[in-house]
$ cat model_30.cif   # mmCIF, C-alpha atoms (C1' of nucleotides)
data_entry
#
loop_
_atom_site.label_atom_id
_atom_site.label_comp_id
_atom_site.auth_asym_id
_atom_site.auth_seq_id
_atom_site.Cartn_x
_atom_site.Cartn_y
_atom_site.Cartn_z
CA MET A 1 46.49 155.17 69.29
CA ARG A 2 45.76 151.49 69.73
CA ASP A 3 44.78 151.49 66.09
CA GLY A 4 47.98 153.28 65.26
CA LEU A 5 50.01 150.58 66.91
CA VAL A 6 48.13 147.92 65.03
CA ALA A 7 48.61 149.76 61.75
CA ALA A 8 52.31 150.12 62.44
CA GLY A 9 52.55 146.48 63.38
CA LEU A 10 50.76 145.51 60.22
CA GLU A 11 53.21 147.49 58.16
CA LEU A 12 56.11 145.83 59.93
CA ALA A 13 54.55 142.44 59.32
CA ARG A 14 54.02 143.27 55.65
CA SER A 15 57.72 143.80 55.17
CA GLY A 16 59.38 141.21 57.31
CA GLY A 17 56.88 138.72 58.61
CA PRO A 18 55.78 138.08 62.17
CA ASP A 19 59.24 138.39 63.68
CA ALA A 20 59.51 141.92 62.35
CA VAL A 21 56.57 143.17 64.38
CA VAL A 22 58.61 144.34 67.31
CA LEU A 23 56.88 146.33 70.00
CA ARG A 24 59.45 149.08 70.40
CA GLU A 25 59.58 149.69 66.66
CA ALA A 26 55.82 149.97 66.46
CA THR A 27 55.75 152.56 69.24
CA ARG A 28 58.60 154.38 67.53
CA ILE A 29 56.54 154.64 64.36
CA VAL A 30 53.57 155.96 66.28
CA GLY A 31 55.94 158.40 67.99
CA VAL A 32 55.49 157.30 71.54
CA VAL A 33 57.55 155.70 74.25
CA PRO A 34 57.68 151.88 74.31
CA ASN A 35 55.82 151.48 77.56
CA ALA A 36 52.80 153.31 76.24
CA ALA A 37 51.93 150.20 74.29
CA TYR A 38 51.32 148.36 77.52
CA ARG A 39 48.27 150.54 78.15
CA HIS A 40 46.62 148.89 75.17
CA PHE A 41 48.19 145.44 74.98
CA ALA A 42 49.18 143.12 77.76
CA ASP A 43 51.98 141.67 75.73
CA ARG A 44 53.86 141.88 72.53
CA ASP A 45 52.02 138.66 71.78
CA GLU A 46 48.70 140.39 72.19
CA LEU A 47 49.73 143.05 69.70
CA LEU A 48 50.91 140.37 67.33
CA ALA A 49 47.63 138.54 67.74
CA VAL A 50 45.70 141.61 66.61
CA VAL A 51 48.06 142.19 63.70
CA CYS A 52 47.70 138.54 62.83
CA ALA A 53 43.92 138.83 62.84
CA ALA A 54 44.20 141.83 60.55
CA ALA A 55 46.38 139.85 58.17
CA ILE A 56 43.80 137.07 58.13
CA GLY A 57 41.17 139.66 57.37
CA GLU A 58 43.16 140.95 54.43
CA LEU A 59 43.50 137.43 53.07
CA ALA A 60 39.76 136.93 53.42
CA ASP A 61 39.14 140.18 51.59
CA ARG A 62 41.29 139.10 48.68
CA MET A 63 39.39 135.87 48.49
CA ALA A 64 36.09 137.69 48.55
CA GLU A 65 37.25 140.02 45.78
CA GLY A 66 38.25 137.07 43.67
CA VAL A 67 34.89 135.41 44.15
CA ALA A 68 33.01 138.60 43.44
CA SER A 69 34.84 139.13 40.17
CA VAL A 70 33.41 135.93 38.71
CA PRO A 71 30.22 136.59 36.75
CA GLY A 72 27.30 134.21 36.69
CA ALA A 73 24.30 133.57 38.88
CA TYR A 74 24.48 131.59 42.07
CA GLY A 75 24.06 127.92 41.36
CA ASP A 76 25.33 128.05 37.81
CA PRO A 77 27.59 124.99 37.53
CA VAL A 78 30.45 126.55 35.62
CA ALA A 79 30.32 129.81 37.55
CA ALA A 80 30.39 127.88 40.81
CA GLY A 81 33.47 126.01 39.69
CA GLU A 82 35.16 129.21 38.68
CA ARG A 83 34.37 130.78 42.02
CA LEU A 84 36.08 127.94 43.86
CA ARG A 85 38.98 128.36 41.51
CA ALA A 86 39.05 132.11 42.19
CA ILE A 87 39.44 131.39 45.88
CA GLY A 88 42.47 129.29 45.18
CA THR A 89 44.10 131.83 42.91
CA ALA A 90 43.42 134.61 45.39
CA TYR A 91 45.08 132.52 48.07
CA PHE A 92 48.13 131.96 45.88
CA ALA A 93 48.27 135.60 44.88
CA PHE A 94 48.14 136.78 48.46
CA ALA A 95 50.85 134.37 49.54
CA HIS A 96 52.99 135.53 46.65
CA ASP A 97 52.76 139.29 46.77
CA GLU A 98 52.27 139.69 50.50
CA PRO A 99 54.60 137.04 51.87
CA GLY A 100 55.07 138.88 55.14
CA LEU A 101 51.37 139.18 55.82
CA PHE A 102 50.76 135.62 54.70
CA ALA A 103 53.35 134.29 57.11
CA THR A 104 51.94 136.50 59.84
CA ALA A 105 48.43 135.24 59.22
CA PHE A 106 49.55 131.75 60.16
CA ALA A 107 52.12 132.65 62.77
CA LEU A 108 49.66 132.31 65.63
CA PRO A 109 47.15 129.50 65.90
CA GLN A 110 44.38 131.70 67.21
CA GLN A 111 41.74 129.19 66.45
CA HIS A 112 38.59 131.09 65.65
CA ALA A 113 39.88 133.75 63.32
CA TYR A 114 39.97 131.47 60.30
CA GLY A 115 36.47 130.14 60.62
CA THR A 116 34.36 128.42 63.17
CA PRO A 117 32.80 125.00 62.70
CA ASP A 118 29.43 126.30 63.80
CA GLU A 119 28.16 128.60 61.11
CA ALA A 120 26.42 131.37 62.97
CA ALA A 121 24.00 133.79 61.37
CA GLY A 122 25.08 135.67 58.27
CA THR A 123 27.92 135.00 55.90
CA ASP A 124 31.19 133.95 57.44
CA ARG A 125 33.82 136.48 56.45
CA THR A 126 36.76 134.29 57.38
CA PRO A 127 38.90 132.55 54.77
CA LEU A 128 37.49 129.19 55.75
CA GLY A 129 33.99 130.60 55.58
CA ARG A 130 34.58 131.75 52.00
CA LEU A 131 35.80 128.34 51.02
CA ARG A 132 32.82 126.69 52.67
CA ALA A 133 30.45 128.96 50.80
CA ALA A 134 32.06 128.07 47.49
CA LEU A 135 31.77 124.35 48.20
CA ASP A 136 28.18 124.72 49.29
CA GLU A 137 27.39 126.45 46.05
CA LEU A 138 28.96 123.56 44.16
CA VAL A 139 26.57 121.24 45.95
CA ASP A 140 23.63 123.47 45.13
CA ALA A 141 24.75 123.55 41.52
CA ASP A 142 24.70 119.74 41.41
CA VAL A 143 28.39 119.66 40.61
CA LEU A 144 29.44 118.17 43.90
CA ASP A 145 27.85 115.09 45.40
CA PRO A 146 26.35 116.17 48.77
CA GLN A 147 27.67 112.98 50.27
CA ARG A 148 31.23 114.07 49.59
CA ARG A 149 30.68 117.57 50.89
CA PRO A 150 31.06 117.25 54.69
CA GLY A 151 34.56 118.14 55.77
CA LEU A 152 35.79 118.52 52.23
CA GLU A 153 36.98 122.03 52.96
CA TYR A 154 39.90 120.76 54.98
CA PRO A 155 41.72 118.64 52.42
CA ILE A 156 41.16 121.35 49.84
CA TRP A 157 42.42 124.03 52.15
CA SER A 158 45.42 121.88 52.94
CA THR A 159 46.26 121.39 49.32
CA VAL A 160 46.13 125.06 48.48
CA HIS A 161 47.83 126.11 51.68
CA GLY A 162 50.60 123.60 51.23
CA MET A 163 51.37 124.81 47.75
CA ALA A 164 51.25 128.42 48.89
CA VAL A 165 53.67 127.75 51.74
CA LEU A 166 56.07 125.62 49.75
CA SER A 167 56.24 127.94 46.77
CA GLY A 168 56.09 131.07 48.89
CA GLN A 169 58.47 131.14 51.80
CA GLY A 170 59.20 127.43 51.60
CA PRO A 171 61.74 125.36 49.73
CA LEU A 172 60.12 125.91 46.33
CA ARG A 173 60.35 129.65 46.56
CA GLU A 174 63.04 130.11 43.99
CA LEU A 175 60.98 128.76 41.16
CA THR A 176 60.47 130.97 38.15
CA ASP A 177 57.14 132.69 37.90
CA VAL A 178 55.98 130.48 35.06
CA ASP A 179 56.95 127.29 36.88
CA ARG A 180 55.17 128.48 39.97
CA ARG A 181 52.05 129.39 38.08
CA GLN A 182 52.09 126.04 36.36
CA LEU A 183 52.32 124.26 39.69
CA GLU A 184 49.51 126.33 41.11
CA GLU A 185 47.47 125.60 38.05
CA ARG A 186 48.07 121.91 38.42
CA THR A 187 47.15 122.05 42.08
CA LEU A 188 43.84 123.68 41.24
CA MET A 189 43.24 121.11 38.52
CA MET A 190 43.84 118.36 41.03
CA ILE A 191 41.25 119.87 43.31
CA GLY A 192 38.81 120.17 40.47
CA GLU A 193 39.20 116.50 39.71
CA THR A 194 38.47 115.42 43.25
CA LEU A 195 35.06 117.05 43.04
CA ARG A 196 33.82 114.63 40.40
CA MET B 1 82.24 120.80 70.10
CA ARG B 2 80.67 122.00 66.89
CA ASP B 3 78.67 118.80 66.97
CA GLY B 4 77.80 119.50 70.58
CA LEU B 5 76.37 122.86 69.67
CA VAL B 6 74.34 121.34 66.88
CA ALA B 7 73.06 118.62 69.19
CA ALA B 8 72.13 121.21 71.80
CA GLY B 9 70.43 123.31 69.16
CA LEU B 10 68.54 120.30 67.91
CA GLU B 11 67.31 119.57 71.40
CA LEU B 12 66.20 123.16 71.80
CA ALA B 13 64.43 122.99 68.47
CA ARG B 14 62.73 119.74 69.46
CA SER B 15 61.11 121.41 72.42
CA GLY B 16 60.23 124.87 71.26
CA GLY B 17 60.69 125.19 67.53
CA PRO B 18 63.13 127.35 65.62
CA ASP B 19 62.81 130.39 67.87
CA ALA B 20 63.96 128.32 70.82
CA VAL B 21 67.34 127.57 69.33
CA VAL B 22 69.12 130.49 70.91
CA LEU B 23 72.84 130.68 70.61
CA ARG B 24 73.65 131.54 74.20
CA GLU B 25 71.50 128.71 75.51
CA ALA B 26 73.20 126.22 73.24
CA THR B 27 76.63 127.27 74.45
CA ARG B 28 75.35 127.09 78.01
CA ILE B 29 74.31 123.49 77.48
CA VAL B 30 77.69 122.62 76.05
CA GLY B 31 79.24 124.42 78.99
CA VAL B 32 81.11 127.12 77.18
CA VAL B 33 81.02 130.85 76.87
CA PRO B 34 78.70 132.33 74.20
CA ASN B 35 81.45 133.67 71.99
CA ALA B 36 83.01 130.26 71.58
CA ALA B 37 80.22 129.46 69.17
CA TYR B 38 81.56 132.06 66.77
CA ARG B 39 84.60 129.86 66.16
CA HIS B 40 82.31 127.35 64.48
CA PHE B 41 79.44 129.40 63.13
CA ALA B 42 79.44 132.81 61.57
CA ASP B 43 75.97 133.55 62.82
CA ARG B 44 73.16 132.29 64.90
CA ASP B 45 71.53 131.82 61.51
CA GLU B 46 74.30 129.50 60.44
CA LEU B 47 73.81 127.39 63.53
CA LEU B 48 70.10 127.34 62.91
CA ALA B 49 70.69 126.33 59.32
CA VAL B 50 72.67 123.28 60.43
CA VAL B 51 70.05 122.40 63.02
CA CYS B 52 67.42 122.85 60.36
CA ALA B 53 69.26 120.50 58.02
CA ALA B 54 69.44 117.94 60.83
CA ALA B 55 65.70 118.25 61.36
CA ILE B 56 65.12 117.66 57.67
CA GLY B 57 67.34 114.61 57.89
CA GLU B 58 65.29 113.24 60.74
CA LEU B 59 62.12 113.71 58.75
CA ALA B 60 63.69 111.92 55.81
CA ASP B 61 64.71 109.06 58.10
CA ARG B 62 61.17 108.65 59.35
CA MET B 63 59.92 108.52 55.81
CA ALA B 64 62.53 105.94 54.90
CA GLU B 65 61.58 103.82 57.89
CA GLY B 66 57.94 103.95 56.90
CA VAL B 67 58.73 102.88 53.36
CA ALA B 68 61.04 100.10 54.51
CA SER B 69 58.37 98.67 56.78
CA VAL B 70 56.09 97.90 53.83
CA PRO B 71 56.57 94.34 52.58
CA GLY B 72 56.40 93.39 48.94
CA ALA B 73 58.79 93.42 46.02
CA TYR B 74 59.65 96.52 44.08
CA GLY B 75 57.16 97.06 41.32
CA ASP B 76 54.31 95.24 42.98
CA PRO B 77 51.29 97.46 42.36
CA VAL B 78 49.70 97.24 45.78
CA ALA B 79 53.00 97.41 47.63
CA ALA B 80 53.97 100.48 45.64
CA GLY B 81 50.75 102.18 46.60
CA GLU B 82 51.27 101.32 50.23
CA ARG B 83 54.77 102.69 50.13
CA LEU B 84 53.54 106.03 48.88
CA ARG B 85 50.96 105.94 51.62
CA ALA B 86 53.63 105.15 54.20
CA ILE B 87 55.48 108.27 53.18
CA GLY B 88 52.41 110.33 53.86
CA THR B 89 51.70 108.78 57.23
CA ALA B 90 55.34 109.16 58.26
CA TYR B 91 55.13 112.82 57.33
CA PHE B 92 52.01 113.27 59.42
CA ALA B 93 53.46 111.34 62.33
CA PHE B 94 56.62 113.40 62.34
CA ALA B 95 54.68 116.65 62.24
CA HIS B 96 52.53 115.44 65.09
CA ASP B 97 54.98 114.04 67.59
CA GLU B 98 57.92 116.29 66.79
CA PRO B 99 56.20 119.61 66.18
CA GLY B 100 59.28 121.58 67.14
CA LEU B 101 61.54 119.76 64.73
CA PHE B 102 58.92 119.86 62.02
CA ALA B 103 58.57 123.61 62.33
CA THR B 104 62.33 123.96 62.38
CA ALA B 105 62.71 121.87 59.26
CA PHE B 106 60.73 124.46 57.34
CA ALA B 107 61.87 127.55 59.18
CA LEU B 108 64.63 128.27 56.69
CA PRO B 109 64.23 127.95 52.95
CA GLN B 110 67.63 126.40 52.37
CA GLN B 111 66.71 125.14 49.01
CA HIS B 112 68.77 122.02 48.40
CA ALA B 113 68.26 120.17 51.65
CA TYR B 114 64.84 118.89 50.70
CA GLY B 115 65.80 117.52 47.36
CA THR B 116 67.38 118.68 44.15
CA PRO B 117 65.64 118.68 40.81
CA ASP B 118 68.59 116.98 39.17
CA GLU B 119 68.74 113.47 40.48
CA ALA B 120 72.42 112.70 40.80
CA ALA B 121 73.86 109.26 41.28
CA GLY B 122 72.56 107.04 44.05
CA THR B 123 69.36 107.26 46.02
CA ASP B 124 68.31 110.71 47.13
CA ARG B 125 68.06 110.69 50.91
CA THR B 126 66.05 113.89 51.11
CA PRO B 127 62.32 113.92 51.84
CA LEU B 128 61.56 114.96 48.29
CA GLY B 129 63.84 112.24 47.00
CA ARG B 130 61.91 109.62 48.92
CA LEU B 131 58.66 110.88 47.52
CA ARG B 132 60.07 110.85 44.00
CA ALA B 133 61.24 107.29 44.42
CA ALA B 134 57.79 106.19 45.53
CA LEU B 135 56.16 107.85 42.53
CA ASP B 136 58.70 106.36 40.18
CA GLU B 137 57.92 102.94 41.55
CA LEU B 138 54.24 103.55 40.91
CA VAL B 139 55.09 104.24 37.29
CA ASP B 140 57.18 101.09 37.08
CA ALA B 141 54.33 99.14 38.62
CA ASP B 142 52.00 100.39 35.90
CA VAL B 143 49.79 102.05 38.47
CA LEU B 144 50.61 105.58 37.45
CA ASP B 145 50.46 106.79 33.88
CA PRO B 146 54.00 107.92 32.97
CA GLN B 147 52.49 110.92 31.26
CA ARG B 148 51.13 112.18 34.56
CA ARG B 149 54.34 111.54 36.44
CA PRO B 150 56.50 114.62 35.69
CA GLY B 151 56.23 117.17 38.46
CA LEU B 152 53.55 115.21 40.26
CA GLU B 153 55.62 115.19 43.44
CA TYR B 154 54.92 118.85 44.06
CA PRO B 155 51.13 118.87 44.28
CA ILE B 156 51.29 115.71 46.37
CA TRP B 157 53.90 117.17 48.66
CA SER B 158 51.81 120.31 48.97
CA THR B 159 48.73 118.39 49.93
CA VAL B 160 50.44 116.40 52.64
CA HIS B 161 52.45 119.34 53.87
CA GLY B 162 49.43 121.58 54.02
CA MET B 163 47.50 119.12 56.12
CA ALA B 164 50.48 118.57 58.38
CA VAL B 165 50.92 122.31 58.93
CA LEU B 166 47.26 123.10 59.43
CA SER B 167 46.59 120.24 61.81
CA GLY B 168 49.96 120.56 63.52
CA GLN B 169 50.88 124.05 64.57
CA GLY B 170 48.21 125.65 62.42
CA PRO B 171 44.60 126.59 63.04
CA LEU B 172 43.38 123.00 63.04
CA ARG B 173 45.67 121.96 65.82
CA GLU B 174 43.07 121.56 68.49
CA LEU B 175 41.27 118.76 66.71
CA THR B 176 40.82 115.53 68.57
CA ASP B 177 43.13 112.72 67.61
CA VAL B 178 40.43 110.78 65.84
CA ASP B 179 39.30 113.82 63.85
CA ARG B 180 42.85 114.52 62.87
CA ARG B 181 43.49 110.95 61.81
CA GLN B 182 40.32 110.95 59.81
CA LEU B 183 41.37 114.11 58.01
CA GLU B 184 44.81 112.72 57.30
CA GLU B 185 43.22 109.53 56.04
CA ARG B 186 40.99 111.49 53.73
CA THR B 187 43.92 113.50 52.45
CA LEU B 188 45.79 110.32 51.58
CA MET B 189 42.70 108.93 49.89
CA MET B 190 42.44 112.08 47.83
CA ILE B 191 46.01 111.61 46.70
CA GLY B 192 45.36 107.99 45.86
CA GLU B 193 42.46 109.03 43.65
CA THR B 194 44.51 111.50 41.66
CA LEU B 195 46.85 108.72 40.59
CA ARG B 196 44.19 106.95 38.58
"C1'" DC C 1 112.47 124.73 70.78
"C1'" DG C 2 109.92 128.40 69.21
"C1'" DG C 3 106.53 130.50 66.34
"C1'" DA C 4 101.89 130.26 64.44
"C1'" DG C 5 97.39 129.23 64.24
"C1'" DT C 6 93.27 127.81 66.63
"C1'" DA C 7 89.77 127.34 70.33
"C1'" DG C 8 87.96 129.45 74.16
"C1'" DT C 9 87.57 133.75 77.55
"C1'" DG C 10 86.26 138.37 79.27
"C1'" DG C 11 84.19 142.51 78.60
"C1'" DA C 12 81.39 145.50 76.13
"C1'" DC C 13 77.59 147.36 73.08
"C1'" DA C 14 73.02 147.78 71.11
"C1'" DC C 15 68.61 146.02 70.97
"C1'" DC C 16 64.58 143.77 72.77
"C1'" DG C 17 60.49 142.72 76.10
"C1'" DT C 18 58.94 143.99 80.42
"C1'" DC C 19 58.29 145.97 85.23
"C1'" DC C 20 58.02 149.84 88.52
"C1'" DA C 21 57.17 154.48 90.06
"C1'" DC C 22 55.80 158.97 88.45
"C1'" DA C 23 53.51 162.98 85.85
"C1'" DT C 24 49.78 164.63 83.37
"C1'" DT C 25 45.23 164.98 81.91
"C1'" DA C 26 40.22 164.12 81.57
"C1'" DG C 27 35.94 163.29 83.64
"C1'" DC C 28 32.76 162.75 87.16
"C1'" DT C 29 30.83 163.73 91.73
"C1'" DC C 30 29.61 166.83 95.59
"C1'" DG D 1 33.62 175.16 90.52
"C1'" DA D 2 36.85 172.05 93.56
"C1'" DG D 3 38.67 167.75 94.28
"C1'" DC D 4 39.02 162.86 93.76
"C1'" DT D 5 39.69 159.06 90.36
"C1'" DA D 6 40.84 156.59 86.46
"C1'" DA D 7 43.23 156.45 82.31
"C1'" DT D 8 47.20 157.48 79.44
"C1'" DG D 9 51.83 158.51 78.48
"C1'" DT D 10 56.90 159.14 80.54
"C1'" DG D 11 61.47 157.91 82.58
"C1'" DG D 12 64.46 154.73 84.32
"C1'" DA D 13 65.82 150.19 85.13
"C1'" DC D 14 66.57 144.95 84.72
"C1'" DG D 15 67.49 140.65 82.47
"C1'" DG D 16 68.05 138.43 78.16
"C1'" DT D 17 69.88 138.13 73.41
"C1'" DG D 18 73.10 138.48 69.22
"C1'" DT D 19 77.46 140.16 68.11
"C1'" DC D 20 82.12 142.55 68.09
"C1'" DC D 21 86.85 143.32 69.95
"C1'" DA D 22 91.03 142.32 72.39
"C1'" DC D 23 93.20 138.78 74.94
"C1'" DT D 24 94.86 134.16 76.58
"C1'" DA D 25 96.13 129.25 76.46
"C1'" DC D 26 97.10 125.34 74.03
"C1'" DT D 27 98.56 122.42 70.34
"C1'" DC D 28 101.14 121.22 66.46
"C1'" DC D 29 104.68 121.42 63.20
"C1'" DG D 30 108.97 122.78 61.18
#

$ encode --input "model_30.cif" --output "structure tokens"
Amino acid sequence: MRDGLVAAGLELARSGGPDAVVLREATRIVGVVPNAAYRHFADRDELLAVVCAAAIGELADRMAEGVASVPGAYGDPVAAGERLRAIGTAYFAFAHDEPGLFATAFALPQQHAYGTPDEAAGTDRTPLGRLRAALDELVDADVLDPQRRPGLEYPIWSTVHGMAVLSGQGPLRELTDVDRRQLEERTLMMIGETLR
Amino acid sequence: MRDGLVAAGLELARSGGPDAVVLREATRIVGVVPNAAYRHFADRDELLAVVCAAAIGELADRMAEGVASVPGAYGDPVAAGERLRAIGTAYFAFAHDEPGLFATAFALPQQHAYGTPDEAAGTDRTPLGRLRAALDELVDADVLDPQRRPGLEYPIWSTVHGMAVLSGQGPLRELTDVDRRQLEERTLMMIGETLR
DNA sequence: CGGAGTAGTGGACACCGTCCACATTAGCTC
DNA sequence: GAGCTAATGTGGACGGTGTCCACTACTCCG
């Protein structure tokens, strides 16, 4: 039932963004009275937080898919570059064809869902973790100077995120598809240049 | 009275973001009954749109101030670079010490308030217009290759905007001030590099 | 001077988040 | 197996919000 509420909330978020995930509507979908939700969530905000985390997870999955679809062994210079690029395109694609979920993913600043500074054991499944892995591979592949590596994920993330926001829900959202793609392309090129 | 509502809405937006600009509260501040607002605005959305435009204007003003504070004649290479830089720092500063207004400025995608692709007569007072002017000066100062100029404002805007969002209301918002400044600095450096 | 349009009022409705008291049901203990 | 306990869902209510309708007062102009 808790899962049902989250699923309903996620569907609401998909078509309508964070504001559309309204508690009563979610319970209506599940077929239960509004107050029942309060047995599982303290707040509407708590429900939204879980939905938000799910949206972040979906974004991370898309990024992982994109990375996985690039052939080439780990450490291969060109493959490593293409994997970083795949992360960017996955980010853009997610923002474009799931605008509601994308907006929801960044609606709440629940710090540790995107990636933690301390890399614990195992691969970090968060979006930021994926980006970090790609950059680390670029260092291992001798494409990126190790001295430039620390903290580089943040400007890169910013660049991609900014373009996704502006061309997604933002003021650039009424661009034609080809214009948008060209801008995204240019953004990725710009990132590629900063690595050298 | 219309102006009063807008001013009230702007104050609400300043402390609480777009969701805080609630029609009834604005009328309460002005000292009038809720329905009176419907004589001046069709919707709460229409009120918010005007407030949003005002927030954009305030951002543009900050950028203009930053640019104006840089000494040096038009076309001077180093001054031109510093003016572009001033735009970026003004953007960051606005996002940081007016988070509510910053969020409000981008809450609605009312396309033409940021800047229009067709540059009509006179200086464009929008944020995008300011950025364009700075880039144009860099071309005139022979710092930026004219061939790279067209459309360059968008990736640059994205980069700055992304950092502002992520470090402002976004997931990076609990950084210390020095960490944040360092990231912003690095972002601006990255932009400076792409010009060459 | 009187009619017309305009700005503000009063009341109402539907929707939302949330709180309280209650019913039902499951599980565990004696 | 009986009875207490904790969990889960229900019903009703309250305050807040956006919005609509009918109504009033005031101002301005012919």

$ residues_around --input "model_30.cif" --residues "Ala164 (chain B)" --least-positions-apart "2" --cutoff "8 Å" --atoms "only C-alpha atoms (C1' of nucleotides)" --output "ChimeraX atom specification"
/B:91-92,95-96,160-162,166-168

$ interface_residues --input "model_30.cif" --of "chain D" --to "chain B" --cutoff "12 Å" --atoms "all atoms listed in the file" --output "number ranges by chain"
D: 16-21

$ resolve_selection --input "model_30.cif" --expression "the PyMOL selection byres ((chain A and resi 75-77) around 9)" --output "list in words"
Gly72, Ala73, Tyr74, Val78, Ala79, Ala80, Gly81, Glu82, Glu137, Leu138, Val139, Asp140, Ala141, Asp142 and Val143 of chain A

$ closest_atom_pairs --input "model_30.cif" --of "chain B" --to "chain C" --cutoff "10 Å" --atoms "only C-alpha atoms (C1' of nucleotides)" --output "tab-separated table"
residue	atom	partner	partner_atom	distance
B:Met1	CA	C:DA7	C1'	10.0
B:Val32	CA	C:DG8	C1'	7.8
B:Val33	CA	C:DT9	C1'	7.2
B:Pro34	CA	C:DT9	C1'	9.6
B:Asn35	CA	C:DG8	C1'	8.1
B:Ala36	CA	C:DG8	C1'	5.6
B:Ala37	CA	C:DG8	C1'	9.2
B:Arg39	CA	C:DA7	C1'	7.1
B:His40	CA	C:DA7	C1'	9.5

$ closest_atom_pairs --input "model_30.cif" --of "chain B" --to "chain A" --cutoff "6 Å" --atoms "only C-alpha atoms" --output "Markdown table"
| residue | atom | partner | partner_atom | distance |
| --- | --- | --- | --- | --- |
| B:Pro109 | CA | A:Pro171 | CA | 4.8 |
| B:Gln111 | CA | A:Pro171 | CA | 5.0 |
| B:Pro155 | CA | A:Thr187 | CA | 5.5 |
| B:Ser158 | CA | A:Gly162 | CA | 4.2 |
| B:Thr159 | CA | A:Thr159 | CA | 3.9 |
| B:His161 | CA | A:Gly162 | CA | 5.3 |
| B:Gly162 | CA | A:Gly162 | CA | 3.6 |
| B:Met163 | CA | A:Ser158 | CA | 4.7 |
| B:Gly170 | CA | A:Pro109 | CA | 5.3 |
| B:Pro171 | CA | A:Pro109 | CA | 4.8 |
| B:Thr187 | CA | A:Pro155 | CA | 5.6 |

$ axis_aligned_box --input "model_30.cif" --around "region 76-82 of chain B" --padding-each-side "6 Å" --output "AutoDock Vina command-line options"
--center_x 52.0 --center_y 98.7 --center_z 46.3 --size_x 16.6 --size_y 18.9 --size_z 19.9

$ resolve_selection --input "model_30.cif" --expression "the PyMOL selection byres ((chain B and resi 52-67) around 9)" --output "PyMOL selection string"
chain B and resi 6+10+13-14+18+47-51+68-71+82-91+93-95+101-108+110+113-114+125-131+134

$ atom_distance --input "model_30.cif" --atom1 "CA of Arg132 (chain A)" --atom2 "CA of Glu153 (chain A)"
6.3 Å

$ atom_distance --input "model_30.cif" --atom1 "CA of Asp45 (chain A)" --atom2 "CA of Ser15 (chain A)"
18.3 Å

$ atom_distance --input "model_30.cif" --atom1 "CA of Arg2 (chain A)" --atom2 "CA of Glu46 (chain A)"
11.7 Å

$ residues_near_point --input "model_30.cif" --point "(66.3, 125.8, 75.8)" --cutoff "7 Å" --atoms "only C-alpha atoms (C1' of nucleotides)" --output "list in words"
Leu12, Ala20, Val21 and Glu25 of chain B

$ build_atoms --input "model_30.cif" --residues "region 7-18 of chain A" --atoms "N, CA and C atoms" --output "PDB file, keeping the file's coordinate frame"
ATOM      1  N   ALA A   7      48.242 149.409  63.121  1.00  0.00           N
ATOM      2  CA  ALA A   7      48.610 149.760  61.750  1.00  0.00           C
ATOM      3  C   ALA A   7      50.122 149.665  61.566  1.00  0.00           C
ATOM      4  N   ALA A   8      50.859 150.194  62.521  1.00  0.00           N
ATOM      5  CA  ALA A   8      52.310 150.120  62.440  1.00  0.00           C
ATOM      6  C   ALA A   8      52.770 148.667  62.440  1.00  0.00           C
ATOM      7  N   GLY A   9      52.193 147.890  63.327  1.00  0.00           N
ATOM      8  CA  GLY A   9      52.550 146.480  63.380  1.00  0.00           C
ATOM      9  C   GLY A   9      52.243 145.774  62.077  1.00  0.00           C
ATOM     10  N   LEU A  10      51.130 146.133  61.480  1.00  0.00           N
ATOM     11  CA  LEU A  10      50.760 145.510  60.220  1.00  0.00           C
ATOM     12  C   LEU A  10      51.767 145.845  59.135  1.00  0.00           C
ATOM     13  N   GLU A  11      52.216 147.087  59.164  1.00  0.00           N
ATOM     14  CA  GLU A  11      53.210 147.490  58.160  1.00  0.00           C
ATOM     15  C   GLU A  11      54.522 146.735  58.374  1.00  0.00           C
ATOM     16  N   LEU A  12      54.893 146.591  59.619  1.00  0.00           N
ATOM     17  CA  LEU A  12      56.110 145.830  59.930  1.00  0.00           C
ATOM     18  C   LEU A  12      55.955 144.377  59.469  1.00  0.00           C
ATOM     19  N   ALA A  13      54.788 143.823  59.715  1.00  0.00           N
ATOM     20  CA  ALA A  13      54.550 142.440  59.320  1.00  0.00           C
ATOM     21  C   ALA A  13      54.582 142.310  57.799  1.00  0.00           C
ATOM     22  N   ARG A  14      54.070 143.321  57.111  1.00  0.00           N
ATOM     23  CA  ARG A  14      54.020 143.270  55.650  1.00  0.00           C
ATOM     24  C   ARG A  14      55.427 143.129  55.072  1.00  0.00           C
ATOM     25  N   SER A  15      56.342 143.869  55.652  1.00  0.00           N
ATOM     26  CA  SER A  15      57.720 143.800  55.170  1.00  0.00           C
ATOM     27  C   SER A  15      58.593 143.148  56.228  1.00  0.00           C
ATOM     28  N   GLY A  16      58.488 141.858  56.364  1.00  0.00           N
ATOM     29  CA  GLY A  16      59.380 141.210  57.310  1.00  0.00           C
ATOM     30  C   GLY A  16      58.764 140.068  58.108  1.00  0.00           C
ATOM     31  N   GLY A  17      57.496 139.856  57.930  1.00  0.00           N
ATOM     32  CA  GLY A  17      56.880 138.720  58.610  1.00  0.00           C
ATOM     33  C   GLY A  17      56.641 138.957  60.083  1.00  0.00           C
ATOM     34  N   PRO A  18      56.175 137.944  60.760  1.00  0.00           N
ATOM     35  CA  PRO A  18      55.780 138.080  62.170  1.00  0.00           C
ATOM     36  C   PRO A  18      56.923 138.516  63.086  1.00  0.00           C
TER      37      PRO A  18
END
